[in-house]
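What follows is a single structure, written as structure tokens, with notes after it.
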Amino acid sequence: MKKSLSKVIALVLALTMCASLVACGKQADSGKGEAVVTDTKTPAGDAKGGEPTEITYATFMVGSHASATAEAEVIDAFNKKYEGVYKVVVEELPSDDAFVDKMKILASSKTLPDVLIGKNGIRELAIENGQAVDIKPYLDADPEWKKFVGDDAIRYNSTEDGKLYSIANQRQLIGYFYNKEMFEAAGVTPAKTWDEWMENNEKLKNAGFTPLALMTGENAWTTNLWLAAMIGTDGQAGNDFMNSRYPVNYSTDSVIKGLTMLQKCLKDYTTPDAVGAIYANAANNFEQGNTAMIANGPWMCPDFTDETKSAPGFGDKVGVALYPENGLISQFEVGYILCTEGKSEAETAGAVEFLKFKTGEYAQSVFLEKAGVLPLTENIELSGDYRAANPLLAELIELSGDAAYTFENIDNTAYSAVVDETAVRYPELAYDECTPAEFADYISRAAELSK
Amino acid sequence: MINRKKWAVLFLLPGILLFAFVFLGSLVVLFTTSFTDWAIGRKITFVGLKNYIDLFTGDKTFIESVKNTAIWIGLQSTFHVFTGTVVALILAKNKWYSSPVRAIFFIPNVISSAALGMLFLCIMNPQYGLVNTLVTKISGNTFSQNWFMDPKTAFLSVTMTWLPYAGLVTILVMAEMSSISEDIYEAAKIDGASLFQTDIYVVLPLMKNIIGTSVVLAATSMLQKLDIIMMTTQGGPGSKTMNMPMYIYKTVFTNNNYGLANAQGVLLIILGVLALRIIRGLFKMDKKED
């Protein structure tokens with residue numbers, strides 16, 4: 001009797017355990033399910049007594065990112081304008097890498113947010129998984145919005161079959177910034193040829209300065225900008241290469257020549273922490289007056305006068321120049337994608353409204369003013385006051401008229417696997433563990449695998 | 001007897017069902033899709049052994065990732081467990097330092113791997129890191145070494161972020177040691193054994209099972225190691241610090257090649273099973289005590 005009673009008690013306990021597990025699962029599920037229903041099926045503003053439709057948005061422009069202030073202002077303005085109708089729920093990811101990795105994970109499970117930047121292959125994954133929608137019909141239906149996006153930006157992101165899966169968030173003109181005091185002390189001026197540029201590096205080094213703020217971690221941004229410039233200004237062949245989408249053969253003379261120069265730079269002309277460093281390290285090295293040059297776009301300009309990032313008065317010491325051979329990176333960004341396929345009409349309408357807002361006149365003006373981001377068209381004018389307050393940006397725009405070679409950067413033209421491969425191979429190049437030709441083979445292979 | 005079996009099955013059922021639902025299903029999917037060409041947006045097609053052949057014939061990074069994983073399993077199973085056991089034997093003497101040292105030695109085990117990765121990035125920073133600063137102070141000459149990015153030191157540097165921190169092994173061995181009867185120590189003492197001889201000839205043989213368990217835990221931890229590598233080197237320079245989990249991650253999220261990644265996953269499981277078989281064999285863990 002006692003034995004069978006203990007068995008019954010044990011059985012009851014086991015069943016209770018199972019039931020609690022099932023109940024836990026159900027609770028979690030129902031919680032999730034309810035949120036999804038609210039998100040996707042509720043018409044704007046009329047569910048649960050007028051609760052706004054939530055639009056999901058992910059961003060890396062947070063924290064110390066150069067565009068963080070502008071980003072927050074635009075999102076706040078949208079939420080205020082559409083209060084009670086739409087609400088942007090922001091997922092903040094504190095670095096470009098974290099953003100790209102997380103979005104690729106979400107793409108694999110078809111759970112990308114409604115609106116996001118489709119950089120580093122995210123757009124392609126969203127198209128392939130069926131979440132991205134063609135934005136062109138929405139754009140055609142709104143001439144005012146289309147005017148501020150502009151034909152050039154539309155053409156840039158259009159596919160061969162005329163679809164438009166992303167809207168650029170900015171026009172980019174990228175040259176390089178230099179420290180005028182260091183240049184003067186070393187007796188150099190912005191180089192006109194690459195030979196002169198290498199000589200300048202040597203002169204700066206001999207004068208006791210570290211010439212370049214390079215970094216090879218993350219997407220090797222500043223290093224790859226120099227590489228793009230070296231390739232893109234190497235005659236017609238190099239320029240064609242840097243204007244072609246997703247090349248698979250990097251074992252070309254232009255690439256190897258560029259890598260040979262960069263190998264010397266990584267070994268002799270940069271900071272000890274450059275190999276493996278992230279963007280923040282390179283930016284800090286330039287802004288704190290530790291290096292003489294950094295390749296980057298005008299969105300960095302506000303940092304030069306921000307005393308939390310740069311030494312006081314640093315802004316007056318900075319000059320801007322075209323790359324040697326009068327080269328300039330001139331391109332549009334991949335920009336925002338709309339991932340509303342299969343979502344409710346209300347959520348889609350809200351996401352489209354948010355995309356319009358994010359790429360419209362107001363947002364472009366805020367990003368120009370607060371983050372030095374160039375607008376997509378000349379419909380947003382740079383006033384005389386603005387030019388006076390932002391002389392570097394004004395100078396770069398003026399210099400762009402002299403550019404003999406314009407081209408794109410590697411982030412835009414290459415498969416994301418290629419960019420990743422450059423980041424892990426630069427240390428080998430810097431420490432003579434691989435030759436420029438071998439480096440080119442490695443990245444060609446990465447491109448081949450991504451085809 | 002039959003009745004007892006019924007009860008055993010009944011009690012095992014919830015666990016088996018949960019395992020089948022969570023793991024077995026995933027394993028079946030993993031194994032089957034490893035024979036396919038599978039990427040987001042592409043139709044899954046059967047490609048037979050192509051993924052496996054590609055990995056072993058044309059993928060040097062994969063070969064290096066297997067080699068590195070195997071080396072790290074070996075190091076963790078030996079040096080790491082040895083360190084933890086030695087520390088446990090020392091601390092078990094219950095001296096004044098035992099308690100604080102045990103607490104300090106366990107600290108790396110309670111810090112998250114991501115935070116630990118950041119910590120080591122700072123400590124080993126080539127410009128302002130503690131290690132280079134110490135060497136500079138001691139030698140009197142400016143010393144700058146890029147520990148994580150120099151191909152000559154990268155593997156060792158990454159290894160040092162986990163190898164010596166054997167707090168878990170120490171805790172496990174000490175817990176097992178506390179179950180040894182005082183009589184055994186007294187008998188050894190009466191026989192004239194020194195403390196060292198007692199540890200070697202009496203305590204350690206009694207610790208065989210827990211050391212075996214520690215080796216299993218240490219080895220399997222290397223089959224999952226991803227976070228610190230991701231924080232410090234991302235598998236570079238080149239593929240000097242690439243291990244199998246990191247390469248699987250890259251194959252999925254950089255190359256969007258799920259079929260190939262799943263083939264690597266199958267091989268990782270096989271490597272894990274092999275390692276476990278060898279360890280259990282060495283420690284005779286399947287053999288019943290007489």
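Lettering and numbering for the structure tokens are positional, with chains as A, B, ... in the shown order, residues counted from 1 in each chain, and ligands counted from 1 in the shown order.
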
>> Counting only C-alpha atoms, a student should be able to say which residues of chain A come within 7 Å of chain B; what is the right answer, written as a VMD selection string?
In response: chain A and resid 18 101 104 108 125 128 to 129 272 to 273 275 to 276 416 to 417 424 to 425 427 to 428 431 450

Within 12 Å of A:Gly401, counting only C-alpha atoms, which residues show up once you throw out same-chain ones fewer than 3 positions away? Write them as an mmCIF file with N, CA and C atoms, in the first residue's frame, please.
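The result, stored in result27.cif:
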data_model
loop_
_atom_site.group_PDB
_atom_site.id
_atom_site.type_symbol
_atom_site.label_atom_id
_atom_site.label_comp_id
_atom_site.auth_asym_id
_atom_site.auth_seq_id
_atom_site.Cartn_x
_atom_site.Cartn_y
_atom_site.Cartn_z
ATOM 1 N N LEU A 173 30.743 61.881 -50.668
ATOM 2 C CA LEU A 173 31.982 62.328 -51.306
ATOM 3 C C LEU A 173 33.064 62.050 -50.271
ATOM 4 N N LEU A 322 41.590 65.878 -52.106
ATOM 5 C CA LEU A 322 41.275 64.748 -52.975
ATOM 6 C C LEU A 322 42.411 63.749 -52.846
ATOM 7 N N ASN A 326 44.027 63.220 -58.242
ATOM 8 C CA ASN A 326 42.699 63.832 -58.216
ATOM 9 C C ASN A 326 41.570 62.807 -58.175
ATOM 10 N N GLY A 327 41.698 61.895 -57.256
ATOM 11 C CA GLY A 327 40.669 60.863 -57.099
ATOM 12 C C GLY A 327 39.673 61.226 -56.012
ATOM 13 N N LEU A 328 38.452 60.763 -56.167
ATOM 14 C CA LEU A 328 37.421 61.034 -55.164
ATOM 15 C C LEU A 328 36.393 59.899 -55.166
ATOM 16 N N SER A 330 32.899 58.901 -54.927
ATOM 17 C CA SER A 330 31.628 59.599 -55.118
ATOM 18 C C SER A 330 30.557 58.543 -55.358
ATOM 19 N N ALA A 394 32.234 72.390 -47.363
ATOM 20 C CA ALA A 394 32.130 73.285 -48.519
ATOM 21 C C ALA A 394 33.344 73.128 -49.431
ATOM 22 N N GLU A 395 34.510 72.990 -48.813
ATOM 23 C CA GLU A 395 35.748 72.841 -49.602
ATOM 24 C C GLU A 395 35.748 71.527 -50.379
ATOM 25 N N LEU A 396 35.253 70.464 -49.712
ATOM 26 C CA LEU A 396 35.214 69.160 -50.384
ATOM 27 C C LEU A 396 34.280 69.201 -51.589
ATOM 28 N N ILE A 397 33.149 69.853 -51.412
ATOM 29 C CA ILE A 397 32.206 69.959 -52.539
ATOM 30 C C ILE A 397 32.863 70.732 -53.687
ATOM 31 N N GLU A 398 33.586 71.771 -53.318
ATOM 32 C CA GLU A 398 34.276 72.557 -54.347
ATOM 33 C C GLU A 398 35.363 71.730 -55.038
ATOM 34 N N ALA A 404 39.455 64.068 -61.197
ATOM 35 C CA ALA A 404 39.682 63.442 -62.506
ATOM 36 C C ALA A 404 39.164 62.015 -62.506
ATOM 37 N N TYR A 405 39.203 61.386 -61.341
ATOM 38 C CA TYR A 405 38.712 60.006 -61.205
ATOM 39 C C TYR A 405 37.667 59.965 -60.097
ATOM 40 N N THR A 406 36.502 59.495 -60.411
ATOM 41 C CA THR A 406 35.530 59.221 -59.348
ATOM 42 C C THR A 406 35.227 57.727 -59.360
#

> At what distance in Å, to one decimal, does atom CA of B:Asn132 lie from atom CA of A:Cys434?
Replying inline: 25.8 Å

> Where in stretch 85-304 of chain A does DSSP assign helix (DSSP H, G or I), given as a PyMOL selection string?
Replying inline: chain A and resi 96-108+122-128+136-140+143-149+151-157+180-186+194-206+221-232+235-242+253-268+279-287+298-304

> With only C-alpha atoms as the basis for distance, which of B:Leu168, B:Met124, B:Ser179, B:Lys225 is at the shortest distance from B:Ala154?
Replying inline: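 That would be B:Met124, the residue with the smallest distance to B:Ala154.
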
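The two atoms in question, atom CA of A:Lys163 and atom CA of A:Arg245, are spaced 16.9 Å apart.
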
>> For the structure I just gave you, how does DSSP split stretch 151-372 of chain A - specifically, which residues are strand (DSSP E)? Reply as number ranges by chain.
In response: A: 171-179, 210-212, 291-296, 318-321, 327-332, 336-338

Next, write the just-selected residues to a file, as a compact mmCIF listing (two decimals), in the first residue's frame, keeping N, CA, C and O atoms as the atom set.
# COMPACT_ATOMS: atom_id res chain seq x y z
N ARG A 171 24.37 60.93 -50.01
CA ARG A 171 25.33 61.00 -51.12
C ARG A 171 26.69 61.10 -50.44
O ARG A 171 26.85 61.80 -49.44
N GLN A 172 27.62 60.38 -50.96
CA GLN A 172 28.93 60.38 -50.29
C GLN A 172 30.02 60.92 -51.19
O GLN A 172 30.18 60.48 -52.34
N LEU A 173 30.74 61.88 -50.67
CA LEU A 173 31.98 62.33 -51.31
C LEU A 173 33.06 62.05 -50.27
O LEU A 173 33.02 62.59 -49.17
N ILE A 174 33.98 61.17 -50.61
CA ILE A 174 34.98 60.80 -49.61
C ILE A 174 36.39 61.06 -50.14
O ILE A 174 36.83 60.43 -51.12
N GLY A 175 37.07 61.98 -49.49
CA GLY A 175 38.48 62.21 -49.78
C GLY A 175 39.26 61.85 -48.53
O GLY A 175 38.98 60.83 -47.91
N TYR A 176 40.19 62.70 -48.15
CA TYR A 176 40.85 62.46 -46.86
C TYR A 176 41.10 63.78 -46.14
O TYR A 176 41.16 64.84 -46.74
N PHE A 177 41.18 63.67 -44.82
CA PHE A 177 41.46 64.83 -43.97
C PHE A 177 42.92 64.79 -43.55
O PHE A 177 43.49 63.70 -43.40
N TYR A 178 43.50 65.97 -43.43
CA TYR A 178 44.90 65.99 -42.98
C TYR A 178 45.10 67.09 -41.93
O TYR A 178 44.34 68.06 -41.87
N ASN A 179 46.12 66.91 -41.14
CA ASN A 179 46.46 67.86 -40.08
C ASN A 179 47.41 68.90 -40.67
O ASN A 179 48.56 68.60 -40.99
N THR A 210 53.22 60.39 -36.95
CA THR A 210 52.71 59.14 -37.55
C THR A 210 51.81 59.57 -38.71
O THR A 210 50.81 60.27 -38.49
N PRO A 211 52.13 59.16 -39.93
CA PRO A 211 51.36 59.70 -41.07
C PRO A 211 49.89 59.29 -41.13
O PRO A 211 49.04 60.14 -41.36
N LEU A 212 49.58 58.00 -40.90
CA LEU A 212 48.23 57.55 -41.25
C LEU A 212 47.45 56.95 -40.09
O LEU A 212 48.00 56.20 -39.28
N THR A 291 47.98 61.36 -35.48
CA THR A 291 48.32 61.01 -36.86
C THR A 291 48.04 62.20 -37.78
O THR A 291 47.26 63.09 -37.43
N ALA A 292 48.65 62.16 -38.96
CA ALA A 292 48.53 63.31 -39.87
C ALA A 292 47.38 63.20 -40.86
O ALA A 292 46.91 64.21 -41.37
N MET A 293 46.94 61.97 -41.18
CA MET A 293 45.89 61.82 -42.21
C MET A 293 44.91 60.72 -41.85
O MET A 293 45.28 59.73 -41.21
N ILE A 294 43.68 60.93 -42.28
CA ILE A 294 42.68 59.85 -42.18
C ILE A 294 41.76 59.96 -43.40
O ILE A 294 41.35 61.06 -43.79
N ALA A 295 41.50 58.83 -44.02
CA ALA A 295 40.54 58.82 -45.14
C ALA A 295 39.16 58.65 -44.54
O ALA A 295 38.91 57.71 -43.79
N ASN A 296 38.27 59.56 -44.87
CA ASN A 296 36.90 59.45 -44.35
C ASN A 296 36.02 60.50 -45.00
O ASN A 296 36.51 61.42 -45.66
N VAL A 318 42.44 71.19 -39.37
CA VAL A 318 42.15 70.12 -40.34
C VAL A 318 41.91 70.68 -41.74
O VAL A 318 41.18 71.65 -41.92
N GLY A 319 42.55 70.03 -42.70
CA GLY A 319 42.30 70.35 -44.11
C GLY A 319 41.72 69.14 -44.80
O GLY A 319 41.78 68.02 -44.28
N VAL A 320 41.13 69.34 -45.97
CA VAL A 320 40.57 68.22 -46.72
C VAL A 320 41.17 68.20 -48.12
O VAL A 320 41.50 69.26 -48.67
N ALA A 321 41.35 67.02 -48.66
CA ALA A 321 41.98 66.92 -49.99
C ALA A 321 41.40 65.77 -50.79
O ALA A 321 40.80 64.84 -50.22
N GLY A 327 41.70 61.90 -57.26
CA GLY A 327 40.67 60.86 -57.10
C GLY A 327 39.67 61.23 -56.01
O GLY A 327 40.01 61.91 -55.05
N LEU A 328 38.45 60.76 -56.17
CA LEU A 328 37.42 61.03 -55.16
C LEU A 328 36.39 59.90 -55.17
O LEU A 328 35.94 59.48 -56.23
N ILE A 329 36.09 59.43 -53.98
CA ILE A 329 35.02 58.45 -53.88
C ILE A 329 33.70 59.21 -53.94
O ILE A 329 33.46 60.10 -53.12
N SER A 330 32.90 58.90 -54.93
CA SER A 330 31.63 59.60 -55.12
C SER A 330 30.56 58.54 -55.36
O SER A 330 30.60 57.82 -56.36
N GLN A 331 29.63 58.44 -54.44
CA GLN A 331 28.65 57.35 -54.54
C GLN A 331 27.43 57.65 -53.68
O GLN A 331 27.42 58.59 -52.90
N PHE A 332 26.44 56.82 -53.85
CA PHE A 332 25.30 56.84 -52.93
C PHE A 332 25.42 55.62 -52.04
O PHE A 332 26.02 54.61 -52.43
N TYR A 336 18.09 52.62 -47.12
CA TYR A 336 17.03 51.93 -46.37
C TYR A 336 16.26 50.94 -47.24
O TYR A 336 15.93 51.23 -48.38
N ILE A 337 15.97 49.79 -46.63
CA ILE A 337 15.10 48.82 -47.30
C ILE A 337 13.79 48.72 -46.52
O ILE A 337 13.74 49.04 -45.33
N LEU A 338 12.79 48.27 -47.24
CA LEU A 338 11.44 48.16 -46.66
C LEU A 338 11.09 46.68 -46.63
O LEU A 338 10.95 46.05 -47.68

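Interatomic distance, atom CA of A:Gln288 to atom CA of A:Trp221: 18.9 Å.
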
Using only C-alpha atoms, which protein or nucleic acid residues come within 7 Å of A:Val149? Drop anything in the same chain fewer than 3 positions from it, and give the result as an mmCIF file with all heavy atoms, in the first residue's frame.
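Written output follows (out_21.cif):
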data_model
loop_
_atom_site.group_PDB
_atom_site.id
_atom_site.type_symbol
_atom_site.label_atom_id
_atom_site.label_comp_id
_atom_site.auth_asym_id
_atom_site.auth_seq_id
_atom_site.Cartn_x
_atom_site.Cartn_y
_atom_site.Cartn_z
ATOM 1 N N TRP A 145 8.120 63.382 -52.542
ATOM 2 C CA TRP A 145 9.155 62.516 -51.951
ATOM 3 C C TRP A 145 10.225 62.202 -53.008
ATOM 4 O O TRP A 145 11.422 62.312 -52.747
ATOM 5 C CB TRP A 145 8.472 61.241 -51.437
ATOM 6 C CG TRP A 145 9.384 60.217 -50.813
ATOM 7 C CD1 TRP A 145 10.575 60.453 -50.182
ATOM 8 C CD2 TRP A 145 9.190 58.803 -50.764
ATOM 9 N NE1 TRP A 145 11.111 59.275 -49.728
ATOM 10 C CE2 TRP A 145 10.276 58.243 -50.075
ATOM 11 C CE3 TRP A 145 8.191 57.941 -51.224
ATOM 12 C CZ2 TRP A 145 10.403 56.864 -49.846
ATOM 13 C CZ3 TRP A 145 8.311 56.582 -50.988
ATOM 14 C CH2 TRP A 145 9.399 56.045 -50.308
ATOM 15 N N LYS A 146 9.743 61.869 -54.206
ATOM 16 C CA LYS A 146 10.650 61.482 -55.297
ATOM 17 C C LYS A 146 11.609 62.625 -55.627
ATOM 18 O O LYS A 146 12.785 62.399 -55.945
ATOM 19 C CB LYS A 146 9.819 61.112 -56.534
ATOM 20 C CG LYS A 146 10.596 60.349 -57.581
ATOM 21 C CD LYS A 146 9.670 59.878 -58.688
ATOM 22 C CE LYS A 146 10.450 59.142 -59.756
ATOM 23 N NZ LYS A 146 9.576 58.672 -60.830
ATOM 24 N N ALA A 153 19.992 59.007 -57.302
ATOM 25 C CA ALA A 153 19.958 58.023 -56.210
ATOM 26 C C ALA A 153 19.048 56.856 -56.575
ATOM 27 O O ALA A 153 19.335 55.704 -56.244
ATOM 28 C CB ALA A 153 19.481 58.676 -54.923
ATOM 29 N N THR A 359 13.815 59.558 -45.457
ATOM 30 C CA THR A 359 14.586 59.919 -46.644
ATOM 31 C C THR A 359 14.069 61.213 -47.276
ATOM 32 O O THR A 359 14.459 61.571 -48.383
ATOM 33 C CB THR A 359 14.521 58.791 -47.701
ATOM 34 O OG1 THR A 359 13.149 58.488 -47.948
ATOM 35 C CG2 THR A 359 15.235 57.537 -47.235
ATOM 36 N N LEU A 376 20.724 63.965 -50.768
ATOM 37 C CA LEU A 376 20.712 63.178 -52.007
ATOM 38 C C LEU A 376 20.650 64.057 -53.250
ATOM 39 O O LEU A 376 21.142 63.678 -54.309
ATOM 40 C CB LEU A 376 19.514 62.218 -51.995
ATOM 41 C CG LEU A 376 19.501 61.174 -50.870
ATOM 42 C CD1 LEU A 376 18.211 60.377 -50.902
ATOM 43 C CD2 LEU A 376 20.694 60.249 -50.966
ATOM 44 N N THR A 377 20.005 65.208 -53.140
ATOM 45 C CA THR A 377 19.882 66.084 -54.307
ATOM 46 C C THR A 377 20.240 67.522 -53.929
ATOM 47 O O THR A 377 20.380 67.843 -52.742
ATOM 48 C CB THR A 377 18.428 66.103 -54.833
ATOM 49 O OG1 THR A 377 17.619 66.724 -53.841
ATOM 50 C CG2 THR A 377 17.909 64.724 -55.157
#

>> When you look at stretch 378-385 of chain A with a cut-off of 8 Å (counting only C-alpha atoms), what residues show up, excluding the ones that are within fewer than 6 positions of it in the same chain? I need them as a PyMOL selection string.
In response: chain A and resi 147-148+361+364-365

Saved selection, atoms kept: all heavy atoms, as a PDB file, in the first residue's frame:
ATOM      1  N   LYS A 147      11.090  63.853 -55.524  1.00  0.00           N
ATOM      2  CA  LYS A 147      11.923  65.017 -55.848  1.00  0.00           C
ATOM      3  C   LYS A 147      13.143  65.084 -54.918  1.00  0.00           C
ATOM      4  O   LYS A 147      14.248  65.390 -55.353  1.00  0.00           O
ATOM      5  CB  LYS A 147      11.061  66.288 -55.682  1.00  0.00           C
ATOM      6  CG  LYS A 147      11.750  67.559 -56.108  1.00  0.00           C
ATOM      7  CD  LYS A 147      10.827  68.746 -55.948  1.00  0.00           C
ATOM      8  CE  LYS A 147      11.224  69.552 -54.730  1.00  0.00           C
ATOM      9  NZ  LYS A 147      10.352  70.686 -54.455  1.00  0.00           N
ATOM     10  N   PHE A 148      12.915  64.756 -53.637  1.00  0.00           N
ATOM     11  CA  PHE A 148      14.019  64.861 -52.683  1.00  0.00           C
ATOM     12  C   PHE A 148      14.928  63.633 -52.676  1.00  0.00           C
ATOM     13  O   PHE A 148      16.041  63.688 -52.171  1.00  0.00           O
ATOM     14  CB  PHE A 148      13.480  65.150 -51.270  1.00  0.00           C
ATOM     15  CG  PHE A 148      13.036  66.575 -51.136  1.00  0.00           C
ATOM     16  CD1 PHE A 148      11.701  66.920 -51.207  1.00  0.00           C
ATOM     17  CD2 PHE A 148      13.978  67.587 -50.977  1.00  0.00           C
ATOM     18  CE1 PHE A 148      11.292  68.246 -51.125  1.00  0.00           C
ATOM     19  CE2 PHE A 148      13.587  68.915 -50.884  1.00  0.00           C
ATOM     20  CZ  PHE A 148      12.233  69.251 -50.962  1.00  0.00           C
ATOM     21  N   GLU A 361      12.772  65.470 -47.079  1.00  0.00           N
ATOM     22  CA  GLU A 361      13.447  66.765 -46.942  1.00  0.00           C
ATOM     23  C   GLU A 361      13.905  67.040 -45.505  1.00  0.00           C
ATOM     24  O   GLU A 361      15.053  67.412 -45.268  1.00  0.00           O
ATOM     25  CB  GLU A 361      12.489  67.881 -47.394  1.00  0.00           C
ATOM     26  CG  GLU A 361      13.127  69.248 -47.355  1.00  0.00           C
ATOM     27  CD  GLU A 361      12.138  70.356 -47.720  1.00  0.00           C
ATOM     28  OE1 GLU A 361      10.938  70.064 -47.870  1.00  0.00           O
ATOM     29  OE2 GLU A 361      12.591  71.512 -47.843  1.00  0.00           O
ATOM     30  N   GLN A 364      16.818  64.710 -44.304  1.00  0.00           N
ATOM     31  CA  GLN A 364      18.074  65.035 -44.999  1.00  0.00           C
ATOM     32  C   GLN A 364      18.660  66.344 -44.457  1.00  0.00           C
ATOM     33  O   GLN A 364      19.880  66.467 -44.316  1.00  0.00           O
ATOM     34  CB  GLN A 364      17.829  65.141 -46.503  1.00  0.00           C
ATOM     35  CG  GLN A 364      17.560  63.780 -47.168  1.00  0.00           C
ATOM     36  CD  GLN A 364      17.507  63.891 -48.683  1.00  0.00           C
ATOM     37  OE1 GLN A 364      18.317  64.574 -49.280  1.00  0.00           O
ATOM     38  NE2 GLN A 364      16.555  63.212 -49.294  1.00  0.00           N
ATOM     39  N   SER A 365      17.783  67.302 -44.159  1.00  0.00           N
ATOM     40  CA  SER A 365      18.259  68.588 -43.618  1.00  0.00           C
ATOM     41  C   SER A 365      18.876  68.398 -42.230  1.00  0.00           C
ATOM     42  O   SER A 365      19.929  68.960 -41.927  1.00  0.00           O
ATOM     43  CB  SER A 365      17.105  69.587 -43.508  1.00  0.00           C
ATOM     44  OG  SER A 365      16.483  69.725 -44.743  1.00  0.00           O
TER      45      SER A 365
END

Quick one: everything within 12 Å of A:Ala414, counting only C-alpha atoms, minus sequence neighbours fewer than 4 positions away in the same chain. Send it as a compact mmCIF listing (two decimals) with C-alpha atoms, in the first residue's frame.
# COMPACT_ATOMS: atom_id res chain seq x y z
CA LYS A 119 24.28 47.57 -46.07
CA ASN A 120 26.89 44.80 -46.29
CA GLY A 121 24.66 42.32 -48.12
CA ASN A 219 35.28 46.37 -42.11
CA ASN A 224 39.98 50.07 -47.53
CA ALA A 228 39.90 51.91 -53.20
CA PHE A 241 37.39 48.05 -61.57
CA MET A 242 36.34 50.35 -58.73
CA ASN A 243 33.16 51.26 -60.57
CA SER A 244 32.13 47.67 -61.21
CA ARG A 245 29.72 45.75 -58.98
CA TYR A 246 30.83 42.56 -57.27
CA PRO A 247 34.07 41.80 -59.13
CA VAL A 248 35.39 38.28 -58.54
CA ASN A 249 38.96 38.64 -59.77
CA TYR A 250 41.06 40.85 -57.53
CA GLU A 408 33.05 53.81 -55.32
CA ASN A 409 34.44 52.30 -52.16
CA ILE A 410 35.03 48.62 -51.53
CA VAL A 418 35.41 40.14 -49.50
CA VAL A 419 35.33 43.00 -47.00
CA ASP A 420 35.52 40.49 -44.14
CA GLU A 421 38.41 38.73 -45.82
CA THR A 422 40.39 41.96 -46.16
CA ILE A 443 39.91 37.95 -51.59
CA SER A 444 39.25 36.64 -55.10
CA ALA A 446 36.10 34.91 -51.04
CA ALA A 447 34.34 36.68 -53.92
CA GLU A 448 34.13 33.46 -55.91
CA SER A 450 29.93 34.48 -52.63
CA LYS A 451 28.80 34.42 -56.25
